[in-house]
file coords_35.txt (compact mmCIF, C-alpha atoms and all ligand atoms)
# COMPACT_ATOMS: atom_id res chain seq x y z
CA MET E 1 0.00 0.00 0.00
CA LYS E 2 2.39 2.73 -1.16
CA ILE E 3 2.02 6.38 -0.14
CA ILE E 4 1.65 8.35 -3.37
CA ASP E 5 0.86 11.79 -1.95
CA ALA E 6 0.96 13.73 1.34
CA ARG E 7 -0.13 17.32 1.56
CA VAL E 8 -0.43 19.89 4.33
CA ILE E 9 -3.75 21.77 4.44
CA VAL E 10 -3.58 25.10 6.31
CA SER E 11 -6.95 26.64 6.97
CA SER E 12 -8.49 29.12 9.40
CA PRO E 13 -12.20 28.34 9.81
CA GLY E 14 -12.78 30.14 13.11
CA ARG E 15 -9.12 29.59 14.05
CA ASN E 16 -5.90 28.36 12.42
CA LEU E 17 -5.85 24.59 11.93
CA VAL E 18 -3.31 22.43 10.10
CA THR E 19 -4.20 19.03 8.64
CA LEU E 20 -2.01 16.43 6.94
CA LYS E 21 -3.67 14.28 4.29
CA ILE E 22 -1.91 11.10 3.13
CA GLU E 23 -3.07 9.23 0.02
CA THR E 24 -2.18 5.68 -1.01
CA GLU E 25 -2.05 3.86 -4.35
CA ASP E 26 -5.12 1.90 -3.20
CA GLY E 27 -7.20 5.06 -3.23
CA ILE E 28 -7.50 5.11 0.58
CA SER E 29 -6.56 8.38 2.31
CA GLY E 30 -6.21 9.37 5.94
CA ILE E 31 -5.89 12.66 7.79
CA GLY E 32 -4.02 13.78 10.90
CA ASP E 33 -4.10 17.00 12.93
CA ALA E 34 -0.87 19.05 12.85
CA THR E 35 -2.05 22.14 14.75
CA LEU E 36 0.27 23.78 17.28
CA ASN E 37 -1.46 26.90 18.56
CA GLY E 38 0.60 30.00 17.75
CA ARG E 39 3.37 28.03 16.03
CA GLU E 40 1.34 26.47 13.21
CA LEU E 41 3.72 27.43 10.39
CA ALA E 42 6.68 25.82 12.16
CA VAL E 43 4.92 22.46 11.93
CA VAL E 44 3.84 23.17 8.34
CA ALA E 45 7.47 23.73 7.35
CA TYR E 46 8.70 20.71 9.30
CA LEU E 47 6.18 18.51 7.53
CA GLN E 48 6.55 19.97 4.04
CA ASP E 49 10.35 20.31 4.04
CA HIS E 50 11.53 17.41 6.20
CA VAL E 51 8.79 14.75 6.45
CA VAL E 52 6.62 14.61 3.32
CA PRO E 53 9.55 13.97 0.92
CA CYS E 54 10.53 10.96 3.08
CA LEU E 55 6.98 9.52 3.05
CA ILE E 56 6.38 9.19 -0.68
CA GLY E 57 6.81 5.58 -1.81
CA ARG E 58 6.73 4.10 1.74
CA ASP E 59 4.26 1.38 2.74
CA ALA E 60 1.40 3.08 4.62
CA ARG E 61 0.82 -0.13 6.60
CA ARG E 62 4.20 0.21 8.36
CA ILE E 63 2.97 2.66 11.01
CA GLU E 64 5.51 1.73 13.69
CA ASP E 65 8.47 1.68 11.31
CA ILE E 66 7.54 5.11 9.95
CA TRP E 67 7.13 6.43 13.51
CA GLN E 68 10.60 5.16 14.48
CA TYR E 69 12.06 6.49 11.23
CA LEU E 70 10.66 9.99 11.92
CA TYR E 71 11.59 9.94 15.64
CA ARG E 72 14.98 8.26 15.77
CA GLY E 73 15.91 9.22 12.23
CA ALA E 74 15.56 12.95 12.94
CA TYR E 75 18.47 12.82 15.39
CA TRP E 76 17.07 15.99 17.03
CA ARG E 77 14.22 14.28 18.83
CA ARG E 78 11.24 15.42 20.95
CA GLY E 79 9.81 18.93 21.24
CA PRO E 80 6.31 20.18 20.33
CA VAL E 81 7.04 20.90 16.65
CA THR E 82 8.68 17.56 15.88
CA MET E 83 6.18 15.50 17.87
CA THR E 84 3.16 17.30 16.42
CA ALA E 85 4.47 16.61 12.91
CA ILE E 86 5.08 12.94 13.77
CA ALA E 87 1.60 12.79 15.34
CA ALA E 88 -0.06 14.05 12.16
CA VAL E 89 1.61 11.30 10.11
CA ASP E 90 0.82 8.66 12.73
CA VAL E 91 -2.89 9.52 13.01
CA ALA E 92 -3.30 9.67 9.23
CA LEU E 93 -1.72 6.19 8.92
CA TRP E 94 -3.92 4.73 11.67
CA ASP E 95 -6.92 6.28 9.88
CA ILE E 96 -5.84 4.57 6.64
CA LYS E 97 -5.21 1.20 8.30
CA ALA E 98 -8.62 1.22 10.02
CA LYS E 99 -10.35 2.22 6.77
CA ALA E 100 -8.50 -0.56 4.90
CA ALA E 101 -9.68 -3.01 7.59
CA GLY E 102 -13.22 -1.62 7.30
CA MET E 103 -13.47 -0.93 11.03
CA PRO E 104 -13.70 2.05 13.40
CA LEU E 105 -10.34 2.90 14.95
CA TYR E 106 -11.31 1.82 18.49
CA GLN E 107 -11.87 -1.72 17.21
CA LEU E 108 -8.39 -1.80 15.68
CA LEU E 109 -6.91 -0.59 18.99
CA GLY E 110 -8.52 -3.42 20.94
CA GLY E 111 -12.25 -2.90 21.02
CA ARG E 112 -14.66 -1.17 23.36
CA SER E 113 -13.89 -0.86 27.10
CA ARG E 114 -16.88 1.46 27.80
CA GLU E 115 -20.08 2.66 26.20
CA GLY E 116 -19.04 6.31 26.17
CA ALA E 117 -16.19 8.63 27.20
CA LEU E 118 -17.02 10.87 30.17
CA ALA E 119 -16.70 14.45 28.91
CA TYR E 120 -16.19 17.74 30.72
CA GLY E 121 -17.38 21.10 29.46
CA HIS E 122 -16.08 24.60 30.17
CA ALA E 123 -18.17 26.85 32.40
CA ASP E 124 -16.79 30.32 32.88
CA GLY E 125 -17.71 33.85 33.86
CA ARG E 126 -16.15 37.27 34.31
CA ASN E 127 -17.47 37.19 37.88
CA LEU E 128 -19.02 34.74 40.33
CA GLU E 129 -22.59 35.39 39.17
CA GLU E 130 -21.74 34.73 35.51
CA ALA E 131 -19.71 31.64 36.41
CA LEU E 132 -22.60 30.12 38.38
CA ALA E 133 -24.99 30.86 35.50
CA SER E 134 -22.57 29.12 33.14
CA VAL E 135 -22.39 26.04 35.39
CA GLU E 136 -26.20 25.95 35.35
CA LYS E 137 -26.14 26.05 31.54
CA TYR E 138 -23.80 23.05 31.38
CA ARG E 139 -25.80 21.14 33.98
CA LYS E 140 -28.96 21.65 31.89
CA ALA E 141 -27.05 20.52 28.79
CA GLY E 142 -26.45 17.19 30.52
CA TYR E 143 -22.79 17.50 31.54
CA ARG E 144 -21.78 15.28 34.45
CA ALA E 145 -18.37 16.99 34.69
CA ILE E 146 -17.77 20.73 34.40
CA ARG E 147 -14.60 22.81 34.49
CA VAL E 148 -15.13 26.14 36.21
CA GLN E 149 -13.03 29.21 35.48
CA CYS E 150 -13.75 32.75 36.68
CA GLY E 151 -12.44 36.29 36.30
CA LEU E 152 -10.83 38.09 39.20
CA PRO E 153 -11.76 41.44 40.65
CA ASP E 154 -9.55 44.19 39.18
CA ILE E 155 -7.89 41.82 36.66
CA GLU E 156 -8.97 42.64 33.09
CA LYS E 157 -8.47 39.24 31.39
CA VAL E 158 -8.01 35.84 33.02
CA TYR E 159 -7.28 32.49 31.36
CA GLY E 160 -10.36 30.52 30.44
CA VAL E 161 -12.86 33.39 30.66
CA HIS E 162 -14.23 34.31 27.28
CA VAL E 163 -15.42 37.73 26.30
CA GLY E 164 -18.13 38.24 23.69
CA GLU E 165 -20.06 35.52 21.88
CA GLY E 166 -18.75 32.24 20.47
CA PRO E 167 -16.47 29.65 22.04
CA TYR E 168 -13.46 30.72 24.11
CA GLU E 169 -10.48 31.34 21.84
CA PRO E 170 -7.30 32.46 23.60
CA ALA E 171 -5.25 32.97 20.43
CA GLN E 172 -5.75 36.46 19.02
CA ARG E 173 -4.96 37.64 15.49
CA GLY E 174 -1.77 39.66 15.18
CA LEU E 175 1.17 39.69 17.57
CA PRO E 176 0.78 38.42 21.15
CA GLU E 177 -1.34 40.52 23.49
CA GLU E 178 -0.05 41.06 27.03
CA GLU E 179 -2.17 40.24 30.06
CA ARG E 180 -1.71 41.03 33.76
CA TRP E 181 -1.97 38.50 36.57
CA SER E 182 -2.16 38.57 40.38
CA THR E 183 -1.42 35.31 42.18
CA PRO E 184 -2.51 36.69 45.59
CA ALA E 185 -5.88 37.81 44.18
CA TYR E 186 -6.36 34.40 42.56
CA MET E 187 -5.41 32.44 45.70
CA ARG E 188 -7.82 34.49 47.79
CA PHE E 189 -10.71 34.04 45.34
CA VAL E 190 -10.61 30.46 44.05
CA PRO E 191 -11.86 28.78 47.28
CA THR E 192 -14.78 31.23 47.29
CA LEU E 193 -15.62 30.22 43.72
CA PHE E 194 -15.84 26.50 44.48
CA ALA E 195 -17.63 27.02 47.79
CA ALA E 196 -20.34 28.86 45.85
CA VAL E 197 -20.51 26.21 43.11
CA ARG E 198 -20.91 23.39 45.64
CA GLU E 199 -23.47 25.40 47.60
CA ASN E 200 -25.54 25.97 44.45
CA PHE E 201 -25.09 22.65 42.66
CA GLY E 202 -24.41 20.09 45.37
CA GLU E 203 -21.82 17.34 45.68
CA GLU E 204 -22.68 15.11 42.71
CA VAL E 205 -21.42 17.08 39.74
CA ALA E 206 -17.71 16.50 38.99
CA LEU E 207 -15.87 19.83 39.19
CA LEU E 208 -12.55 20.57 37.53
CA HIS E 209 -10.32 23.63 37.49
CA ASP E 210 -7.35 24.73 35.39
CA VAL E 211 -4.72 26.73 37.28
CA HIS E 212 -2.90 27.03 33.96
CA HIS E 213 0.70 26.76 35.19
CA ARG E 214 0.54 29.92 37.29
CA LEU E 215 1.55 28.90 40.80
CA THR E 216 4.80 27.88 42.44
CA PRO E 217 4.74 24.36 43.91
CA ASN E 218 4.16 25.73 47.39
CA GLU E 219 1.37 28.05 46.26
CA ALA E 220 -0.18 25.09 44.43
CA ALA E 221 0.01 23.07 47.66
CA ARG E 222 -1.86 25.87 49.43
CA VAL E 223 -4.60 26.08 46.79
CA GLY E 224 -4.92 22.29 46.67
CA LYS E 225 -5.49 22.23 50.44
CA ASP E 226 -7.95 25.14 50.27
CA LEU E 227 -9.97 23.28 47.60
CA GLU E 228 -10.10 19.93 49.45
CA PRO E 229 -13.54 20.63 51.00
CA TYR E 230 -14.99 20.97 47.47
CA ARG E 231 -13.68 17.57 46.31
CA LEU E 232 -12.56 18.47 42.79
CA PHE E 233 -12.34 15.80 40.11
CA PHE E 234 -8.92 17.34 39.35
CA MET E 235 -6.92 20.53 39.64
CA GLU E 236 -5.02 21.00 36.39
CA ASP E 237 -1.59 22.44 35.65
CA ALA E 238 -1.09 23.65 39.20
CA THR E 239 2.55 24.52 38.49
CA PRO E 240 4.78 24.37 35.37
CA ALA E 241 5.34 20.65 34.95
CA GLU E 242 8.82 20.67 33.43
CA ASN E 243 9.73 20.66 37.12
CA GLN E 244 8.27 17.19 37.62
CA GLU E 245 9.80 16.95 41.10
CA GLY E 246 7.88 20.07 42.13
CA PHE E 247 4.77 17.91 42.24
CA ARG E 248 6.28 15.95 45.18
CA LEU E 249 5.75 19.04 47.32
CA ILE E 250 2.14 19.46 46.16
CA ARG E 251 1.39 15.74 46.56
CA ARG E 252 2.68 15.74 50.16
CA ALA E 253 0.40 18.65 51.04
CA THR E 254 -2.96 17.84 49.52
CA THR E 255 -5.31 15.06 48.42
CA THR E 256 -6.90 17.22 45.70
CA PRO E 257 -6.44 15.11 42.53
CA LEU E 258 -3.80 16.54 40.18
CA ALA E 259 -3.73 16.60 36.38
CA THR E 260 -1.04 17.92 34.06
CA GLY E 261 0.56 17.37 30.70
CA GLU E 262 -1.28 19.15 27.89
CA VAL E 263 2.03 20.74 26.88
CA PHE E 264 3.90 17.42 27.04
CA ASN E 265 5.15 15.89 23.81
CA SER E 266 6.71 12.60 24.90
CA VAL E 267 6.61 10.00 27.64
CA TRP E 268 9.87 11.45 29.00
CA ASP E 269 8.02 14.63 30.01
CA ALA E 270 5.77 12.59 32.30
CA LYS E 271 7.96 9.68 33.42
CA ALA E 272 8.69 10.83 36.99
CA LEU E 273 5.17 12.23 37.46
CA ILE E 274 3.71 8.84 36.54
CA THR E 275 6.19 6.43 38.13
CA GLU E 276 6.22 8.40 41.41
CA GLN E 277 2.40 8.68 41.27
CA LEU E 278 2.62 12.45 41.62
CA ILE E 279 -0.44 12.98 39.42
CA ASP E 280 -3.81 11.30 38.97
CA TYR E 281 -4.46 12.24 35.32
CA VAL E 282 -2.01 12.73 32.47
CA ARG E 283 -3.25 15.28 29.95
CA ALA E 284 -0.81 14.69 27.09
CA THR E 285 -2.79 14.31 23.91
CA ILE E 286 -2.58 12.63 20.53
CA VAL E 287 -1.83 15.71 18.41
CA HIS E 288 1.12 17.00 20.46
CA ALA E 289 2.57 13.77 21.88
CA GLY E 290 3.55 11.82 18.81
CA GLY E 291 0.16 10.48 17.77
CA ILE E 292 -1.76 7.34 18.69
CA SER E 293 1.37 5.17 18.67
CA HIS E 294 3.20 7.23 21.30
CA MET E 295 0.07 8.02 23.31
CA ARG E 296 -0.31 4.25 23.74
CA THR E 297 3.18 4.21 25.32
CA ILE E 298 2.30 7.08 27.69
CA ALA E 299 -1.13 5.66 28.57
CA SER E 300 0.24 2.15 29.15
CA LEU E 301 2.95 3.44 31.52
CA ALA E 302 0.30 5.53 33.30
CA GLY E 303 -1.89 2.46 33.69
CA LEU E 304 0.86 0.63 35.59
CA TYR E 305 0.79 3.36 38.28
CA GLY E 306 -2.93 4.04 38.67
CA VAL E 307 -2.75 7.17 36.55
CA ARG E 308 -5.61 7.76 34.11
CA THR E 309 -5.81 9.82 30.95
CA GLY E 310 -7.55 13.19 30.74
CA PHE E 311 -6.94 14.23 27.14
CA HIS E 312 -6.55 17.92 26.44
CA GLY E 313 -9.43 18.86 24.16
CA ALA E 314 -9.45 22.62 23.54
CA THR E 315 -10.67 24.07 20.25
CA ASP E 316 -7.08 24.66 19.09
CA LEU E 317 -6.90 20.89 18.73
CA SER E 318 -8.79 20.20 15.50
CA PRO E 319 -11.88 17.96 15.18
CA VAL E 320 -9.48 15.32 13.84
CA THR E 321 -7.77 15.08 17.23
CA LEU E 322 -11.12 15.01 19.03
CA GLY E 323 -12.34 12.21 16.76
CA ALA E 324 -9.19 10.13 17.24
CA ALA E 325 -9.22 10.85 20.99
CA ILE E 326 -12.75 9.52 21.45
CA HIS E 327 -11.72 6.25 19.78
CA PHE E 328 -8.69 6.04 22.07
CA ASP E 329 -10.87 6.93 25.09
CA THR E 330 -13.39 4.22 24.15
CA TRP E 331 -10.68 1.54 24.04
CA LEU E 332 -8.16 2.49 26.79
CA PRO E 333 -8.62 0.59 30.07
CA ASN E 334 -7.24 3.48 32.21
CA PHE E 335 -9.27 6.22 30.55
CA GLY E 336 -10.19 9.05 32.92
CA ILE E 337 -12.01 11.92 31.25
CA GLN E 338 -12.12 13.80 27.94
CA GLU E 339 -12.02 17.57 27.68
CA TYR E 340 -14.74 18.70 25.26
CA MET E 341 -14.97 22.22 23.85
CA ALA E 342 -17.38 22.60 20.94
CA HIS E 343 -15.55 23.91 17.86
CA ALA E 344 -16.76 27.09 16.13
CA GLU E 345 -19.49 26.75 13.49
CA GLU E 346 -17.01 27.78 10.78
CA THR E 347 -14.69 24.95 11.83
CA MET E 348 -17.51 22.49 11.43
CA GLN E 349 -18.12 23.78 7.90
CA VAL E 350 -14.73 22.31 6.97
CA PHE E 351 -14.64 19.15 9.12
CA SER E 352 -17.27 16.44 9.42
CA HIS E 353 -17.44 13.68 12.02
CA GLY E 354 -19.72 10.95 13.32
CA HIS E 355 -19.28 11.13 17.09
CA ARG E 356 -21.92 12.62 19.39
CA PHE E 357 -22.42 14.00 22.91
CA GLU E 358 -25.10 12.15 24.85
CA ASP E 359 -26.04 12.33 28.56
CA GLY E 360 -22.59 13.58 29.56
CA TYR E 361 -20.60 11.12 27.44
CA LEU E 362 -18.96 11.24 24.01
CA ILE E 363 -20.11 8.35 21.85
CA VAL E 364 -17.62 7.22 19.21
CA SER E 365 -18.27 7.12 15.46
CA GLU E 366 -18.76 3.63 13.99
CA ALA E 367 -17.46 4.77 10.59
CA PRO E 368 -14.22 3.13 9.39
CA GLY E 369 -11.14 5.03 10.60
CA HIS E 370 -11.36 7.87 13.12
CA GLY E 371 -14.51 9.09 11.41
CA VAL E 372 -13.40 12.67 10.70
CA GLU E 373 -13.11 14.10 7.17
CA ILE E 374 -11.96 17.45 5.79
CA ASP E 375 -13.58 19.31 2.88
CA GLU E 376 -10.51 20.72 1.12
CA ALA E 377 -12.52 23.07 -1.09
CA LYS E 378 -14.15 24.67 1.95
CA ALA E 379 -10.83 24.67 3.82
CA ALA E 380 -9.38 26.79 1.00
CA LEU E 381 -11.98 29.49 1.73
CA TYR E 382 -10.33 30.27 5.10
CA PRO E 383 -6.72 31.45 4.60
CA TYR E 384 -4.25 31.36 7.47
CA GLN E 385 -3.92 34.50 9.58
CA PRO E 386 -1.13 34.90 12.16
CA ALA E 387 -2.52 34.52 15.68
CA TYR E 388 -0.78 34.10 19.01
CA LEU E 389 -1.53 33.13 22.57
CA PRO E 390 -1.18 36.00 25.05
CA VAL E 391 1.97 36.73 27.05
CA ASN E 392 1.35 37.05 30.78
CA ARG E 393 2.96 39.42 33.24
CA LEU E 394 2.66 39.93 36.98
CA GLU E 395 1.47 43.31 38.18
CA ASP E 396 5.08 44.53 38.50
CA GLY E 397 5.73 43.60 34.86
CA THR E 398 7.56 40.31 35.44
CA VAL E 399 6.91 37.86 32.59
CA TRP E 400 4.88 34.99 34.01
CA ASP E 401 3.28 31.78 32.78
CA TRP E 402 0.14 32.35 30.78
C1 LIG E 501 -6.35 24.90 28.29
C2 LIG E 501 -6.21 25.23 26.84
O1 LIG E 501 -8.09 23.49 27.63
C3 LIG E 501 -7.22 23.68 28.48
O2 LIG E 501 -7.02 22.98 29.48
O3 LIG E 501 -5.16 24.76 28.98
O4 LIG E 501 -7.26 26.09 26.52
C4 LIG E 501 -4.92 25.91 26.45
O5 LIG E 501 -4.87 27.18 27.05
C5 LIG E 501 -4.85 26.04 24.94
O6 LIG E 501 -5.02 24.78 24.38
C6 LIG E 501 -3.52 26.63 24.51
O7 LIG E 501 -3.45 26.66 23.11
MG MG E 502 -5.29 23.35 30.48
call {"tool": "encode", "arguments": {"input": "coords_35.txt", "output": "structure tokens"}}
result
Amino acid sequence: MKIIDARVIVSSPGRNLVTLKIETEDGISGIGDATLNGRELAVVAYLQDHVVPCLIGRDARRIEDIWQYLYRGAYWRRGPVTMTAIAAVDVALWDIKAKAAGMPLYQLLGGRSREGALAYGHADGRNLEEALASVEKYRKAGYRAIRVQCGLPDIEKVYGVHVGEGPYEPAQRGLPEEERWSTPAYMRFVPTLFAAVRENFGEEVALLHDVHHRLTPNEAARVGKDLEPYRLFFMEDATPAENQEGFRLIRRATTTPLATGEVFNSVWDAKALITEQLIDYVRATIVHAGGISHMRTIASLAGLYGVRTGFHGATDLSPVTLGAAIHFDTWLPNFGIQEYMAHAEETMQVFSHGHRFEDGYLIVSEAPGHGVEIDEAKAALYPYQPAYLPVNRLEDGTVWDW
């Protein structure tokens, strides 16, 4: 089954998205997501200049050999650009193999382990009143798990709080915007937020929160302790996780479940966190961590240590990643939870899929492959426009983690 063509499709339906399409001599094609928010063109160049020329003529059935060729053969291994490019190839090849076998991807991985993947939605508000109203909206929509993010008094823009209509989109056209942050204001407010949510919505709904890398390990320990009475499903990205050992300090201080890893791109980023059981959920995801093949490595290691997956699922991961993730979630024994942000209407003009949200769960597509397709003609209607994530600063101007 020779690869006869591989092309990179850059499109901006609602936001910049990059898709790799691989075609074989048998007439079967597959697609993979290659989107790296704010650095899209770096992955486009890596694929077009250094990967695609090496793919033509190879056997599309040799997924593992091609993965090893692109990983070990690059010499300069790991990193978000390299591993996103490898992921796009990997997912497209798994899509092709499943289509050739005439089965949905989850069957090829090992079959169903659950009826549906527990999903969490994003409730948010500029203030406590708006945040509570947003939680109510998600409860009425049938979500069993809800992430809650809220603005802070006197802070203009806070991660996870959208302004205006349409889904939350942190990347803004043009050069990076700068935002201001106050850790003390945040640490004072966040227990109040979850006390109010529990008071209004009771103990049953699973609550999640994304700290978004902004605390030191000791500050994270404090917030984890302060949130214990509200029994979160997980507290995410409490501190920048390149300092894996920093989580030892948090773990010693609090029983609030911890999740991290959406910025990870290989198993090596999570090895200590998993083997020392410093986290409860690993958030690395298919598009940025080397595809389905490498995510199986990460998820299998996690499973040995009681760590479950909690795939990152923001709208800057294309519908292709969401589709592939739901297949992976449906199969994986140590699945935890799937982040689910609805993509913009424009995005869904370009991509089609067969999965659905039902009673708080994501139900996988039964179509052969991962079930997601791209309409290249419609994709061409949305040209790329530079857009960047914000840069964060403390109130004294110090650059901080966004
Ligand atoms: C966030 C993301 O969904 C999440 O948990 O951390 O929205 C993240 O900010 C974006 O994916 C960055 O591109
Ligand atoms: Mg996050």
call {"tool": "residues_near_ligand", "arguments": {"input": "coords_35.txt", "ligand": "ligand MG 502 (chain E)", "cutoff": "10 Å", "atoms": "only C-alpha atoms and all ligand atoms", "output": "ChimeraX atom specification"}}
result
/E:159-160,209-213,235-238,259-263,283,311-314,339
call {"tool": "atom_distance", "arguments": {"input": "coords_35.txt", "atom1": "CA of Met103 in chain E", "atom2": "CA of Ala87 in chain E"}}
result
20.8 Å
call {"tool": "closest_residue", "arguments": {"input": "coords_35.txt", "among": "E:Leu105, E:Val51, E:Val350, E:Leu381", "to": "Ala88 in chain E", "atoms": "all atoms listed in the file"}}
result
E:Val51
call {"tool": "axis_aligned_box", "arguments": {"input": "coords_35.txt", "around": "ligand LIG 501 (chain E)", "padding_each_side": "5 Å", "output": "AutoDock Vina command-line options"}}
result
--center_x -5.8 --center_y 25.1 --center_z 26.3 --size_x 14.6 --size_y 14.2 --size_z 16.4
call {"tool": "closest_residue", "arguments": {"input": "coords_35.txt", "among": "E:Ser318, E:Gln149, E:Ser266, E:Thr239", "to": "Pro13 in chain E", "atoms": "only C-alpha atoms"}}
result
E:Ser318
call {"tool": "atom_distance", "arguments": {"input": "coords_35.txt", "atom1": "CA of Glu276 in chain E", "atom2": "CA of Arg77 in chain E"}}
result
24.7 Å
call {"tool": "residues_around", "arguments": {"input": "coords_35.txt", "residues": "His343 in chain E", "least_positions_apart": "2", "cutoff": "12 Å", "atoms": "only C-alpha atoms", "output": "ChimeraX atom specification"}}
result
/E:13-17,166-169,313-322,340-341,345-353
call {"tool": "closest_residue", "arguments": {"input": "coords_35.txt", "among": "E:Ile28, E:Leu232, E:Ile250, E:Val158", "to": "Pro368 in chain E", "atoms": "all atoms listed in the file"}}
result
E:Ile28
call {"tool": "closest_residue", "arguments": {"input": "coords_35.txt", "among": "E:Glu40, E:Glu204, E:Glu130, E:Glu228", "to": "ligand LIG 501 (chain E)", "atoms": "only C-alpha atoms and all ligand atoms"}}
result
E:Glu40
call {"tool": "closest_residue", "arguments": {"input": "coords_35.txt", "among": "E:Ile279, E:Cys54, E:Leu152, E:Ala387", "to": "Arg188 in chain E", "atoms": "all atoms listed in the file"}}
result
E:Leu152
call {"tool": "atom_distance", "arguments": {"input": "coords_35.txt", "atom1": "CA of Ile146 in chain E", "atom2": "CA of Leu207 in chain E"}}
result
5.2 Å
call {"tool": "closest_residue", "arguments": {"input": "coords_35.txt", "among": "E:Gly354, E:Tyr120, E:Thr183, E:Gly360", "to": "Arg393 in chain E", "atoms": "all atoms listed in the file"}}
result
E:Thr183
call {"tool": "residues_around", "arguments": {"input": "coords_35.txt", "residues": "Ala324 in chain E", "least_positions_apart": "6", "cutoff": "8 Å", "atoms": "all atoms listed in the file", "output": "CSV table (one decimal) with C-alpha atoms, in the coordinates of the input"}}
result
chain,number,residue,atom,x,y,z
E,91,VAL,CA,-2.9,9.5,13.0
E,105,LEU,CA,-10.3,2.9,15.0
E,286,ILE,CA,-2.6,12.6,20.5
E,370,HIS,CA,-11.4,7.9,13.1
E,371,GLY,CA,-14.5,9.1,11.4
call {"tool": "residues_near_point", "arguments": {"input": "coords_35.txt", "point": "(-5.1, 4.3, 17.7)", "cutoff": "6 Å", "atoms": "all atoms listed in the file", "output": "ChimeraX atom specification"}}
result
/E:109,292,328
call {"tool": "residues_around", "arguments": {"input": "coords_35.txt", "residues": "Ile96 in chain E", "least_positions_apart": "6", "cutoff": "7 Å", "atoms": "all atoms listed in the file", "output": "ChimeraX atom specification"}}
result
/E:28-30,369
call {"tool": "residues_near_point", "arguments": {"input": "coords_35.txt", "point": "(1.8, 18.7, 51.3)", "cutoff": "12 Å", "atoms": "all atoms listed in the file", "output": "list in words"}}
result
Pro217, Asn218, Glu219, Ala220, Ala221, Arg222, Val223, Gly224, Lys225, Asp226, Gly246, Phe247, Arg248, Leu249, Ile250, Arg251, Arg252, Ala253, Thr254, Thr255, Thr256 and Leu278 of chain E
call {"tool": "residues_around", "arguments": {"input": "coords_35.txt", "residues": "Leu132 in chain E", "least_positions_apart": "5", "cutoff": "12 Å", "atoms": "only C-alpha atoms", "output": "PyMOL selection string"}}
result
chain E and resi 122-127+137-139+146-150+192-201
call {"tool": "residues_around", "arguments": {"input": "coords_35.txt", "residues": "Ala141 in chain E", "least_positions_apart": "3", "cutoff": "10 Å", "atoms": "all atoms listed in the file", "output": "JSON, numbers by chain"}}
result
{"E": [121, 135, 136, 137, 138, 144, 357, 358, 359, 360]}
